[in-house]
>>> print(open('input-v2.cif').read())   # mmCIF, C-alpha atoms and all ligand atoms
data_upload
#
loop_
_atom_site.label_atom_id
_atom_site.label_comp_id
_atom_site.auth_asym_id
_atom_site.auth_seq_id
_atom_site.Cartn_x
_atom_site.Cartn_y
_atom_site.Cartn_z
CA MET A 1 -209.58 159.39 -69.47
CA ASN A 2 -209.91 161.22 -66.09
CA LEU A 3 -207.18 160.75 -63.44
CA ASN A 4 -209.35 158.44 -61.32
CA LYS A 5 -209.78 155.93 -64.18
CA LEU A 6 -206.13 156.28 -65.12
CA PHE A 7 -205.12 155.43 -61.53
CA LYS A 8 -207.42 152.32 -61.55
CA VAL A 9 -205.95 151.14 -64.88
CA PHE A 10 -202.41 151.68 -63.48
CA ALA A 11 -203.30 149.76 -60.28
CA VAL A 12 -204.70 146.84 -62.31
CA VAL A 13 -201.62 146.79 -64.55
CA LEU A 14 -199.41 146.94 -61.43
CA VAL A 15 -201.25 144.02 -59.73
CA LEU A 16 -201.20 141.95 -62.95
CA SER A 17 -197.46 142.55 -63.43
CA MET A 18 -196.81 141.68 -59.77
CA MET A 19 -198.79 138.43 -60.23
CA LEU A 20 -196.85 137.74 -63.42
CA ALA A 21 -193.58 138.39 -61.61
CA ALA A 22 -194.65 136.06 -58.77
CA CYS A 23 -195.34 133.35 -61.32
CA LYS A 24 -191.84 133.83 -62.80
CA THR A 25 -190.17 133.23 -59.39
CA ALA A 26 -192.36 130.10 -59.08
CA PRO A 27 -189.50 128.57 -60.99
CA VAL A 28 -189.12 127.30 -57.49
CA ALA A 29 -191.07 124.52 -59.14
CA THR A 30 -188.73 124.60 -62.12
CA GLU A 31 -185.83 124.87 -59.73
CA ALA A 32 -187.25 121.88 -57.93
CA PRO A 33 -186.81 119.68 -61.03
CA VAL A 34 -183.38 121.22 -61.09
CA VAL A 35 -182.95 119.68 -57.71
CA ALA A 36 -184.39 116.53 -59.23
CA THR A 37 -181.90 116.60 -62.09
CA GLU A 38 -179.26 117.49 -59.57
CA ALA A 39 -180.53 114.29 -58.13
CA PRO A 40 -177.33 113.52 -59.99
CA VAL A 41 -177.47 111.73 -56.93
CA ALA A 42 -178.95 110.03 -59.95
CA THR A 43 -175.53 110.16 -61.63
CA GLU A 44 -174.11 108.19 -58.75
CA ALA A 45 -177.20 106.01 -58.87
CA PRO A 46 -175.82 103.56 -61.47
CA ALA A 47 -173.63 102.10 -58.79
CA ALA A 48 -176.63 101.83 -56.51
CA THR A 49 -178.75 100.43 -59.31
CA GLU A 50 -176.41 97.38 -59.73
CA ALA A 51 -178.37 94.76 -57.88
CA ALA A 52 -176.46 93.75 -54.74
CA LEU A 53 -175.35 90.10 -54.96
CA VAL A 54 -177.16 88.31 -52.13
CA THR A 55 -177.01 84.56 -51.41
CA SER A 56 -179.93 82.42 -50.19
CA SER A 57 -178.75 82.91 -46.60
CA GLY A 58 -178.85 86.71 -47.01
CA TYR A 59 -175.08 87.16 -47.31
CA VAL A 60 -174.20 90.22 -49.39
CA LEU A 61 -171.36 89.15 -51.66
CA PRO A 62 -168.69 91.87 -52.02
CA ALA A 63 -168.15 92.91 -55.66
CA ALA A 64 -164.59 91.90 -56.56
CA ALA A 65 -162.71 94.22 -58.94
CA CYS A 66 -161.81 91.26 -61.19
CA ALA A 67 -165.40 89.93 -61.43
CA PRO A 68 -166.76 88.24 -63.43
CA ASN A 69 -163.44 87.06 -64.88
CA CYS A 70 -161.45 86.45 -61.70
CA THR A 71 -158.92 83.63 -61.85
CA TYR A 72 -156.96 81.94 -59.07
CA ASN A 73 -154.11 84.36 -59.81
CA ASP A 74 -156.39 87.20 -58.68
CA MET A 75 -157.07 85.45 -55.37
CA VAL A 76 -155.20 86.63 -52.26
CA VAL A 77 -156.26 84.56 -49.25
CA GLY A 78 -155.88 85.50 -45.59
CA PHE A 79 -156.10 82.08 -43.88
CA ILE A 80 -156.76 82.19 -40.12
CA GLN A 81 -155.78 78.72 -38.87
CA THR A 82 -156.37 77.36 -35.34
CA GLY A 83 -152.75 76.58 -34.56
CA PRO A 84 -151.03 73.19 -34.01
CA GLU A 85 -153.41 70.52 -32.63
CA GLY A 86 -152.33 67.21 -34.15
CA ALA A 87 -152.02 65.22 -37.37
CA TRP A 88 -155.44 66.27 -38.65
CA ARG A 89 -154.53 69.95 -38.45
CA THR A 90 -151.17 69.32 -40.07
CA ALA A 91 -152.93 67.61 -42.99
CA ASN A 92 -155.47 70.45 -43.17
CA ASN A 93 -152.66 73.02 -43.40
CA ALA A 94 -150.85 70.98 -46.04
CA SER A 95 -153.99 70.74 -48.15
CA PHE A 96 -154.36 74.53 -48.31
CA ASP A 97 -150.64 75.14 -48.84
CA GLU A 98 -150.30 72.57 -51.65
CA ALA A 99 -153.49 73.62 -53.44
CA ALA A 100 -152.52 77.33 -53.28
CA THR A 101 -149.15 76.55 -54.88
CA GLN A 102 -150.72 74.38 -57.58
CA LEU A 103 -153.43 76.94 -58.41
CA GLY A 104 -151.29 80.09 -58.25
CA ILE A 105 -153.13 81.57 -55.25
CA THR A 106 -151.35 84.02 -52.92
CA LEU A 107 -151.79 82.52 -49.45
CA LYS A 108 -151.12 84.40 -46.20
CA VAL A 109 -151.47 82.02 -43.21
CA TYR A 110 -151.97 83.22 -39.63
CA ASP A 111 -151.35 80.68 -36.83
CA SER A 112 -153.76 81.62 -34.01
CA GLN A 113 -152.06 79.44 -31.37
CA GLY A 114 -155.50 78.28 -30.25
CA LYS A 115 -156.65 81.72 -29.09
CA VAL A 116 -159.86 83.44 -30.20
CA GLU A 117 -158.40 86.89 -29.53
CA ASN A 118 -155.61 86.12 -31.98
CA GLN A 119 -158.16 85.13 -34.61
CA ILE A 120 -160.05 88.41 -34.13
CA SER A 121 -156.87 90.45 -34.55
CA ALA A 122 -155.91 88.35 -37.59
CA PHE A 123 -159.26 89.26 -39.12
CA GLN A 124 -158.52 92.95 -38.59
CA THR A 125 -155.07 92.58 -40.14
CA PHE A 126 -156.48 90.91 -43.25
CA ILE A 127 -159.38 93.39 -43.44
CA GLN A 128 -156.86 96.24 -43.51
CA ASP A 129 -154.66 94.47 -46.08
CA PRO A 130 -155.77 95.96 -49.45
CA THR A 131 -154.42 92.94 -51.36
CA VAL A 132 -156.54 90.34 -49.49
CA ASN A 133 -159.90 89.57 -51.15
CA VAL A 134 -160.74 86.25 -49.44
CA ILE A 135 -160.55 85.40 -45.72
CA ILE A 136 -160.75 81.73 -44.67
CA LEU A 137 -161.34 80.88 -41.00
CA ALA A 138 -160.84 77.63 -39.08
CA ALA A 139 -162.50 78.82 -35.87
CA VAL A 140 -161.06 78.02 -32.44
CA ASP A 141 -164.43 78.81 -30.85
CA THR A 142 -168.04 79.17 -32.02
CA LYS A 143 -168.55 82.61 -30.48
CA GLY A 144 -167.17 86.16 -30.75
CA PHE A 145 -166.88 86.69 -34.53
CA ASP A 146 -170.03 88.68 -35.47
CA ASP A 147 -168.36 92.11 -35.48
CA VAL A 148 -165.33 91.11 -37.55
CA LEU A 149 -167.52 89.22 -40.01
CA LYS A 150 -169.59 92.39 -40.56
CA GLU A 151 -166.39 94.45 -40.87
CA ALA A 152 -164.99 92.02 -43.46
CA MET A 153 -168.20 92.24 -45.52
CA ASP A 154 -168.20 96.06 -45.30
CA ASN A 155 -164.59 96.07 -46.54
CA GLY A 156 -165.17 93.85 -49.57
CA LYS A 157 -163.58 90.64 -48.20
CA ILE A 158 -165.33 87.33 -48.88
CA VAL A 159 -165.31 85.12 -45.77
CA ILE A 160 -165.48 81.31 -45.93
CA LEU A 161 -165.49 79.02 -42.86
CA GLU A 162 -163.45 75.85 -43.36
CA ASP A 163 -163.75 72.91 -40.98
CA ARG A 164 -165.43 74.37 -37.87
CA SER A 165 -168.80 76.20 -37.62
CA LEU A 166 -169.76 79.41 -35.77
CA ASP A 167 -172.83 80.46 -33.81
CA SER A 168 -172.92 83.54 -36.10
CA SER A 169 -175.76 84.00 -38.60
CA ALA A 170 -175.09 82.46 -42.04
CA SER A 171 -175.82 85.92 -43.48
CA LEU A 172 -172.39 86.99 -42.19
CA TYR A 173 -170.23 84.61 -44.26
CA TYR A 174 -170.30 83.20 -47.81
CA THR A 175 -170.42 79.52 -46.81
CA ARG A 176 -168.91 76.84 -44.57
CA VAL A 177 -167.12 73.78 -45.93
CA GLY A 178 -166.57 71.05 -43.36
CA SER A 179 -167.72 67.89 -41.64
CA ASP A 180 -171.12 67.29 -40.12
CA PHE A 181 -169.77 66.74 -36.62
CA VAL A 182 -173.17 65.77 -35.19
CA LEU A 183 -173.41 63.02 -37.82
CA GLU A 184 -169.86 61.92 -36.97
CA GLY A 185 -170.89 61.67 -33.31
CA GLN A 186 -174.00 59.69 -34.23
CA LYS A 187 -171.84 57.23 -36.20
CA ALA A 188 -169.48 56.85 -33.21
CA GLY A 189 -172.44 56.29 -30.86
CA THR A 190 -173.87 53.61 -33.11
CA GLU A 191 -170.51 51.82 -33.19
CA MET A 192 -170.12 52.08 -29.38
CA CYS A 193 -173.60 50.53 -28.97
CA LYS A 194 -172.49 47.61 -31.17
CA LEU A 195 -169.19 47.20 -29.27
CA LEU A 196 -170.85 47.04 -25.85
CA GLU A 197 -173.86 44.97 -26.90
CA GLY A 198 -174.49 42.13 -24.47
CA MET A 199 -172.16 43.47 -21.75
CA ASP A 200 -173.49 43.48 -18.16
CA THR A 201 -172.20 46.99 -17.50
CA LYS A 202 -171.83 49.69 -20.15
CA ASN A 203 -169.96 52.60 -18.56
CA VAL A 204 -168.59 55.05 -21.15
CA LEU A 205 -166.14 57.88 -20.44
CA GLU A 206 -165.56 60.82 -22.82
CA ILE A 207 -162.36 62.73 -23.49
CA SER A 208 -163.66 65.84 -25.24
CA GLY A 209 -161.96 68.25 -27.64
CA ALA A 210 -160.66 71.73 -26.81
CA VAL A 211 -163.33 73.73 -24.96
CA GLY A 212 -165.49 75.85 -27.29
CA ALA A 213 -164.66 74.14 -30.59
CA SER A 214 -167.72 73.17 -32.64
CA ALA A 215 -166.10 69.84 -33.63
CA GLY A 216 -166.14 68.62 -30.01
CA ILE A 217 -169.46 70.17 -29.05
CA ASP A 218 -171.30 68.59 -31.98
CA ARG A 219 -169.55 65.20 -31.77
CA GLY A 220 -170.61 65.00 -28.14
CA THR A 221 -174.20 65.86 -29.10
CA GLY A 222 -174.44 63.26 -31.86
CA PHE A 223 -172.75 60.57 -29.76
CA ARG A 224 -175.28 60.98 -26.93
CA GLN A 225 -178.20 60.90 -29.38
CA THR A 226 -177.42 57.40 -30.70
CA MET A 227 -176.08 56.07 -27.39
CA GLU A 228 -179.45 56.96 -25.84
CA GLU A 229 -181.06 54.60 -28.35
CA CYS A 230 -179.11 51.68 -26.87
CA GLY A 231 -179.57 52.80 -23.27
CA ILE A 232 -176.00 53.97 -22.61
CA THR A 233 -175.08 57.28 -20.95
CA VAL A 234 -171.70 59.01 -20.63
CA THR A 235 -170.64 58.64 -16.99
CA ALA A 236 -167.91 61.32 -17.07
CA THR A 237 -166.43 63.81 -19.55
CA GLN A 238 -163.30 65.95 -19.48
CA THR A 239 -161.36 67.83 -22.14
CA GLY A 240 -158.11 66.38 -23.48
CA ASP A 241 -157.49 69.57 -25.54
CA TRP A 242 -157.05 67.51 -28.76
CA LYS A 243 -153.69 66.26 -27.45
CA VAL A 244 -152.03 62.98 -26.31
CA ALA A 245 -150.49 63.99 -22.96
CA PRO A 246 -153.47 65.74 -21.34
CA SER A 247 -155.75 62.91 -22.52
CA LYS A 248 -153.44 60.27 -21.02
CA ALA A 249 -153.51 62.17 -17.70
CA VAL A 250 -157.32 62.28 -17.73
CA MET A 251 -157.56 58.53 -18.40
CA GLU A 252 -154.95 57.72 -15.73
CA ALA A 253 -156.96 59.64 -13.12
CA TRP A 254 -160.19 57.87 -14.12
CA LEU A 255 -158.52 54.44 -13.90
CA LYS A 256 -157.45 55.25 -10.32
CA ASP A 257 -160.95 56.41 -9.36
CA PRO A 258 -162.81 53.71 -7.35
CA VAL A 259 -166.04 54.29 -9.32
CA LEU A 260 -164.91 55.45 -12.76
CA LYS A 261 -162.33 52.69 -13.17
CA ASP A 262 -165.23 50.35 -13.92
CA VAL A 263 -165.26 51.48 -17.57
CA GLN A 264 -166.12 49.54 -20.73
CA GLY A 265 -165.90 52.26 -23.40
CA VAL A 266 -163.99 55.49 -24.12
CA HIS A 267 -165.24 58.17 -26.56
CA ALA A 268 -162.29 60.35 -27.63
CA HIS A 269 -162.92 63.43 -29.80
CA ASN A 270 -159.83 62.88 -31.94
CA ILE A 271 -157.09 60.31 -32.55
CA GLU A 272 -154.47 62.02 -30.37
CA GLU A 273 -156.84 61.86 -27.39
CA ALA A 274 -157.55 58.20 -28.13
CA LEU A 275 -153.81 57.42 -28.25
CA GLY A 276 -153.36 59.12 -24.86
CA ALA A 277 -156.18 57.05 -23.39
CA ILE A 278 -154.76 53.85 -24.92
CA GLN A 279 -151.36 54.53 -23.34
CA ALA A 280 -152.97 54.97 -19.91
CA ILE A 281 -155.10 51.83 -20.35
CA LYS A 282 -152.03 49.75 -21.21
CA GLU A 283 -149.98 51.23 -18.33
CA ALA A 284 -152.82 50.24 -15.97
CA GLY A 285 -152.33 46.61 -17.08
CA LEU A 286 -155.51 46.50 -19.18
CA VAL A 287 -155.92 45.60 -22.86
CA PRO A 288 -157.37 48.34 -25.08
CA GLY A 289 -159.78 46.86 -27.61
CA VAL A 290 -160.52 43.96 -25.25
CA ASP A 291 -161.06 45.31 -21.70
CA ILE A 292 -161.95 48.81 -22.85
CA LYS A 293 -163.27 49.74 -26.33
CA VAL A 294 -161.92 53.04 -27.65
CA VAL A 295 -163.78 55.03 -30.34
CA ALA A 296 -162.29 58.15 -31.94
CA TYR A 297 -162.30 60.57 -34.94
CA ASP A 298 -159.77 61.61 -37.61
CA THR A 299 -158.58 58.75 -39.77
CA THR A 300 -154.90 59.65 -39.97
CA LYS A 301 -152.12 57.11 -40.52
CA ASP A 302 -151.91 56.75 -36.70
CA THR A 303 -155.58 55.82 -36.67
CA PHE A 304 -155.07 52.99 -39.16
CA ALA A 305 -152.05 51.70 -37.20
CA ALA A 306 -154.13 51.63 -33.99
CA LEU A 307 -157.04 49.92 -35.80
CA ILE A 308 -154.70 47.31 -37.30
CA SER A 309 -153.23 46.56 -33.84
CA GLY A 310 -156.77 46.31 -32.41
CA GLU A 311 -156.03 48.89 -29.69
CA LEU A 312 -158.49 51.28 -31.32
CA SER A 313 -161.89 49.80 -32.13
CA VAL A 314 -163.42 52.53 -34.33
CA GLY A 315 -162.07 55.49 -36.35
CA VAL A 316 -164.72 57.91 -37.71
CA GLU A 317 -163.37 59.67 -40.80
CA CYS A 318 -163.10 63.46 -40.73
CA ASN A 319 -161.66 64.80 -43.98
CA PRO A 320 -158.95 67.50 -43.51
CA LEU A 321 -158.14 67.78 -47.23
CA LEU A 322 -160.48 70.74 -47.85
CA GLY A 323 -158.12 73.13 -49.65
CA PRO A 324 -159.05 72.50 -53.31
CA GLN A 325 -162.81 72.52 -52.61
CA VAL A 326 -162.66 75.71 -50.52
CA TYR A 327 -160.58 77.55 -53.12
CA GLU A 328 -162.94 76.48 -55.91
CA ILE A 329 -165.86 77.93 -53.95
CA ALA A 330 -163.91 81.10 -53.10
CA LEU A 331 -163.31 81.70 -56.82
CA LYS A 332 -167.04 81.36 -57.47
CA GLY A 333 -167.58 83.97 -54.77
CA LEU A 334 -165.07 86.39 -56.33
CA ASN A 335 -166.98 86.03 -59.60
CA GLY A 336 -170.30 86.83 -57.92
CA ASP A 337 -171.89 83.37 -57.73
CA THR A 338 -174.80 83.68 -55.29
CA SER A 339 -176.00 80.09 -55.83
CA ILE A 340 -173.61 78.60 -53.24
CA PRO A 341 -175.47 77.15 -50.19
CA SER A 342 -174.51 78.37 -46.70
CA TYR A 343 -173.08 74.92 -45.79
CA ILE A 344 -171.28 72.33 -47.89
CA VAL A 345 -170.67 69.04 -46.06
CA SER A 346 -167.62 66.85 -46.65
CA ASN A 347 -168.34 63.19 -47.43
CA GLU A 348 -166.88 60.76 -44.88
CA SER A 349 -167.04 57.13 -43.71
CA VAL A 350 -166.17 54.90 -40.72
CA PHE A 351 -163.32 52.41 -40.31
CA THR A 352 -163.25 49.60 -37.68
CA SER A 353 -160.69 47.08 -36.40
CA ALA A 354 -163.24 44.42 -37.39
CA GLN A 355 -162.33 45.05 -41.05
CA GLY A 356 -159.14 43.15 -40.34
CA ALA A 357 -155.44 43.99 -40.73
CA THR A 358 -155.18 43.08 -44.44
CA GLU A 359 -158.02 45.36 -45.61
CA LEU A 360 -156.97 48.18 -43.31
CA GLN A 361 -153.34 47.93 -44.43
CA SER A 362 -154.31 48.19 -48.08
CA ILE A 363 -156.31 51.35 -47.29
CA LEU A 364 -153.41 52.73 -45.27
CA ASP A 365 -150.95 52.07 -48.12
CA GLY A 366 -152.82 54.57 -50.31
CA TRP A 367 -153.81 56.98 -47.56
CA LYS A 368 -152.70 60.60 -48.01
CA TYR A 369 -152.41 61.86 -44.40
O1 LIG A 401 -160.93 66.28 -35.26
C1 LIG A 401 -158.99 67.47 -34.49
C2 LIG A 401 -158.53 68.88 -34.75
O2 LIG A 401 -161.88 70.54 -36.29
C3 LIG A 401 -162.29 68.40 -37.28
O3 LIG A 401 -159.77 69.62 -34.84
C4 LIG A 401 -161.28 69.30 -36.60
C5 LIG A 401 -160.76 68.72 -35.33
C6 LIG A 401 -160.08 67.35 -35.48
O4 LIG A 401 -157.71 69.35 -33.78
O5 LIG A 401 -157.96 66.53 -34.63
#
>>> encode(input="input-v2.cif", output="structure tokens")
Amino acid sequence: MNLNKLFKVFAVVLVLSMMLAACKTAPVATEAPVVATEAPVATEAPAATEAALVTSSGYVLPAAACAPNCTYNDMVVGFIQTGPEGAWRTANNASFDEAATQLGITLKVYDSQGKVENQISAFQTFIQDPTVNVIILAAVDTKGFDDVLKEAMDNGKIVILEDRSLDSSASLYYTRVGSDFVLEGQKAGTEMCKLLEGMDTKNVLEISGAVGASAGIDRGTGFRQTMEECGITVTATQTGDWKVAPSKAVMEAWLKDPVLKDVQGVHAHNIEEALGAIQAIKEAGLVPGVDIKVVAYDTTKDTFAALISGELSVGVECNPLLGPQVYEIALKGLNGDTSIPSYIVSNESVFTSAQGATELQSILDGWKY
């Protein structure tokens, strides 16, 4: 074979071997699957492949370590309470304390002294507490909780609202257990319409709850809805801060006002406010229940005593004994139950002085708070 041909053969062999070599480094492709198998990102995937537990309101339920066999003994509750407000709140506290003891739940209670900022910092304390797996909130206000609710979810803490509602999206907490305050207000409005029926003038004053609390906001809304139906409007409203003394002062000022003293009805957002108004009415020489009809909420023992005496005309029930029900729902949450609705309403009724002392006394004799 002459040199020329030999050179051509050599060149062809060289090109073919270079092409062959290039194919061998293509293992870029084979390396790629290596990347794919390194997708051992895939090995961490199993955690990601567990379907996230999401409720109908879009709340992502944290996965509790004890699930799906959590018991009450596994439950450590951070309870953010409003702070002292009156007999209703005392009964609400007692319900959670007693039920926690009976069920074997570890309960850590934070008294917020009526301040939102304290409730926010309590959230952060419980979020950072590795033992806490459930946070329960009785909100002082309806606003300002979005960030801490998100933080609680991100840190594996189930949040349940007891009693009061928030403006926050229902996707930020497991559920709320509490009264339908709008419905309570509607009931009170209906009763006030009945009480003032046939009167020439129907001026109604309102002593409202602590500013910002959903209980007062919604009671006021419902009350005005049904009062509108009977042509009555609220002529003045001022907060009594859930308490006797400030409410008495508000009523005293109104009874000295040349216009507002012509009053036929008082709408008080809880029993302590009603008792303050009743004291002022009596000290002004008027007869509560006769000259001025008082309607209020929270059927505590004081409520029944005021109904029996006739000084209070209507008590709209608002159940504070929520502990057992809230804990039962919290346990379902720890065990991954996504079927819980975003709101669970407490069942309640209305009591009136018209029921008479005998019937009311028999109810009072068996009343728990
Ligand atoms: O009516 C009042 C308490 O949120 C339903 O708050 C509760 C209200 C209750 O201070 O007495």
>>> residues_near_ligand(input="input-v2.cif", ligand="ligand LIG 401 (chain A)", cutoff="8 Å", atoms="all atoms listed in the file", output="ChimeraX atom specification")
/A:84-89,138,163-164,178-179,181,209-210,213-216,242,269-272,297-298,318-320
>>> residues_around(input="input-v2.cif", residues="Phe351 in chain A", least_positions_apart="2", cutoff="10 Å", atoms="only C-alpha atoms", output="ChimeraX atom specification")
/A:297,299,303-304,307,313-317,349,353-355,360,363
>>> closest_residue(input="input-v2.cif", among="A:Ile127, A:Ser112, A:Gly212, A:Glu151", to="Leu172 in chain A", atoms="only C-alpha atoms")
A:Glu151
>>> closest_residue(input="input-v2.cif", among="A:Thr82, A:Asn203, A:Asn347, A:Thr239", to="Leu161 in chain A", atoms="only C-alpha atoms")
A:Thr82
>>> atom_distance(input="input-v2.cif", atom1="CA of Tyr110 in chain A", atom2="CA of Ile136 in chain A")
10.2 Å
>>> closest_residue(input="input-v2.cif", among="A:Ala188, A:Ala274, A:Ile135, A:Ala91", to="Glu162 in chain A", atoms="only C-alpha atoms")
A:Ile135
>>> residues_around(input="input-v2.cif", residues="Leu103 in chain A", least_positions_apart="6", cutoff="10 Å", atoms="only C-alpha atoms", output="ChimeraX atom specification")
/A:71-73,75,324,327-328
>>> closest_residue(input="input-v2.cif", among="A:Val250, A:Val177, A:Asn155, A:Phe123", to="Pro341 in chain A", atoms="only C-alpha atoms")
A:Val177
>>> atom_distance(input="input-v2.cif", atom1="CA of Gly240 in chain A", atom2="CA of Ala268 in chain A")
8.4 Å
>>> closest_residue(input="input-v2.cif", among="A:Gly323, A:Pro68, A:Pro258, A:Gly366", to="Asn93 in chain A", atoms="all atoms listed in the file")
A:Gly323
>>> decode(input="input-v2.cif", residues="range 154-175 of chain A", atoms="N, CA and C atoms", output="PDB file, in the first residue's frame")
ATOM      1  N   ASP A 154     -45.776  27.248  60.602  1.00  0.00           N
ATOM      2  CA  ASP A 154     -44.448  26.867  60.090  1.00  0.00           C
ATOM      3  C   ASP A 154     -43.635  26.112  61.146  1.00  0.00           C
ATOM      4  N   ASN A 155     -44.002  26.308  62.415  1.00  0.00           N
ATOM      5  CA  ASN A 155     -43.245  25.653  63.498  1.00  0.00           C
ATOM      6  C   ASN A 155     -44.012  24.483  64.115  1.00  0.00           C
ATOM      7  N   GLY A 156     -44.978  23.966  63.361  1.00  0.00           N
ATOM      8  CA  GLY A 156     -45.624  22.712  63.774  1.00  0.00           C
ATOM      9  C   GLY A 156     -46.563  22.820  64.951  1.00  0.00           C
ATOM     10  N   LYS A 157     -47.103  24.042  65.215  1.00  0.00           N
ATOM     11  CA  LYS A 157     -48.045  24.214  66.341  1.00  0.00           C
ATOM     12  C   LYS A 157     -49.470  24.348  65.790  1.00  0.00           C
ATOM     13  N   ILE A 158     -50.366  23.528  66.249  1.00  0.00           N
ATOM     14  CA  ILE A 158     -51.776  23.649  65.840  1.00  0.00           C
ATOM     15  C   ILE A 158     -52.389  24.815  66.598  1.00  0.00           C
ATOM     16  N   VAL A 159     -53.103  25.707  65.894  1.00  0.00           N
ATOM     17  CA  VAL A 159     -53.744  26.849  66.557  1.00  0.00           C
ATOM     18  C   VAL A 159     -55.260  26.707  66.483  1.00  0.00           C
ATOM     19  N   ILE A 160     -55.902  26.840  67.626  1.00  0.00           N
ATOM     20  CA  ILE A 160     -57.376  26.834  67.702  1.00  0.00           C
ATOM     21  C   ILE A 160     -57.829  28.121  68.369  1.00  0.00           C
ATOM     22  N   LEU A 161     -58.834  28.800  67.792  1.00  0.00           N
ATOM     23  CA  LEU A 161     -59.432  29.986  68.418  1.00  0.00           C
ATOM     24  C   LEU A 161     -60.570  29.512  69.299  1.00  0.00           C
ATOM     25  N   GLU A 162     -60.556  29.924  70.594  1.00  0.00           N
ATOM     26  CA  GLU A 162     -61.722  29.622  71.428  1.00  0.00           C
ATOM     27  C   GLU A 162     -62.394  30.949  71.767  1.00  0.00           C
ATOM     28  N   ASP A 163     -63.746  30.923  71.775  1.00  0.00           N
ATOM     29  CA  ASP A 163     -64.503  32.118  72.112  1.00  0.00           C
ATOM     30  C   ASP A 163     -64.481  33.113  70.946  1.00  0.00           C
ATOM     31  N   ARG A 164     -63.585  34.043  70.906  1.00  0.00           N
ATOM     32  CA  ARG A 164     -63.606  35.153  69.969  1.00  0.00           C
ATOM     33  C   ARG A 164     -63.082  34.768  68.579  1.00  0.00           C
ATOM     34  N   SER A 165     -63.497  35.556  67.553  1.00  0.00           N
ATOM     35  CA  SER A 165     -63.032  35.315  66.178  1.00  0.00           C
ATOM     36  C   SER A 165     -61.955  36.340  65.827  1.00  0.00           C
ATOM     37  N   LEU A 166     -61.302  36.109  64.666  1.00  0.00           N
ATOM     38  CA  LEU A 166     -60.282  37.028  64.144  1.00  0.00           C
ATOM     39  C   LEU A 166     -60.674  37.441  62.731  1.00  0.00           C
ATOM     40  N   ASP A 167     -60.112  38.549  62.270  1.00  0.00           N
ATOM     41  CA  ASP A 167     -60.274  38.932  60.860  1.00  0.00           C
ATOM     42  C   ASP A 167     -59.371  38.080  59.971  1.00  0.00           C
ATOM     43  N   SER A 168     -58.450  37.323  60.546  1.00  0.00           N
ATOM     44  CA  SER A 168     -57.499  36.523  59.762  1.00  0.00           C
ATOM     45  C   SER A 168     -58.224  35.471  58.928  1.00  0.00           C
ATOM     46  N   SER A 169     -57.575  35.057  57.835  1.00  0.00           N
ATOM     47  CA  SER A 169     -58.126  33.987  56.983  1.00  0.00           C
ATOM     48  C   SER A 169     -58.222  32.677  57.777  1.00  0.00           C
ATOM     49  N   ALA A 170     -59.267  31.913  57.525  1.00  0.00           N
ATOM     50  CA  ALA A 170     -59.463  30.619  58.205  1.00  0.00           C
ATOM     51  C   ALA A 170     -58.387  29.616  57.804  1.00  0.00           C
ATOM     52  N   SER A 171     -57.598  29.946  56.772  1.00  0.00           N
ATOM     53  CA  SER A 171     -56.507  29.041  56.367  1.00  0.00           C
ATOM     54  C   SER A 171     -55.319  29.165  57.330  1.00  0.00           C
ATOM     55  N   LEU A 172     -55.421  30.096  58.290  1.00  0.00           N
ATOM     56  CA  LEU A 172     -54.284  30.311  59.201  1.00  0.00           C
ATOM     57  C   LEU A 172     -54.479  29.668  60.568  1.00  0.00           C
ATOM     58  N   TYR A 173     -55.645  29.043  60.804  1.00  0.00           N
ATOM     59  CA  TYR A 173     -55.853  28.348  62.084  1.00  0.00           C
ATOM     60  C   TYR A 173     -56.712  27.117  61.827  1.00  0.00           C
ATOM     61  N   TYR A 174     -56.635  26.134  62.775  1.00  0.00           N
ATOM     62  CA  TYR A 174     -57.318  24.848  62.566  1.00  0.00           C
ATOM     63  C   TYR A 174     -58.835  25.044  62.575  1.00  0.00           C
ATOM     64  N   THR A 175     -59.353  25.690  63.621  1.00  0.00           N
ATOM     65  CA  THR A 175     -60.784  25.988  63.693  1.00  0.00           C
ATOM     66  C   THR A 175     -61.031  27.007  64.796  1.00  0.00           C
TER      67      THR A 175
END
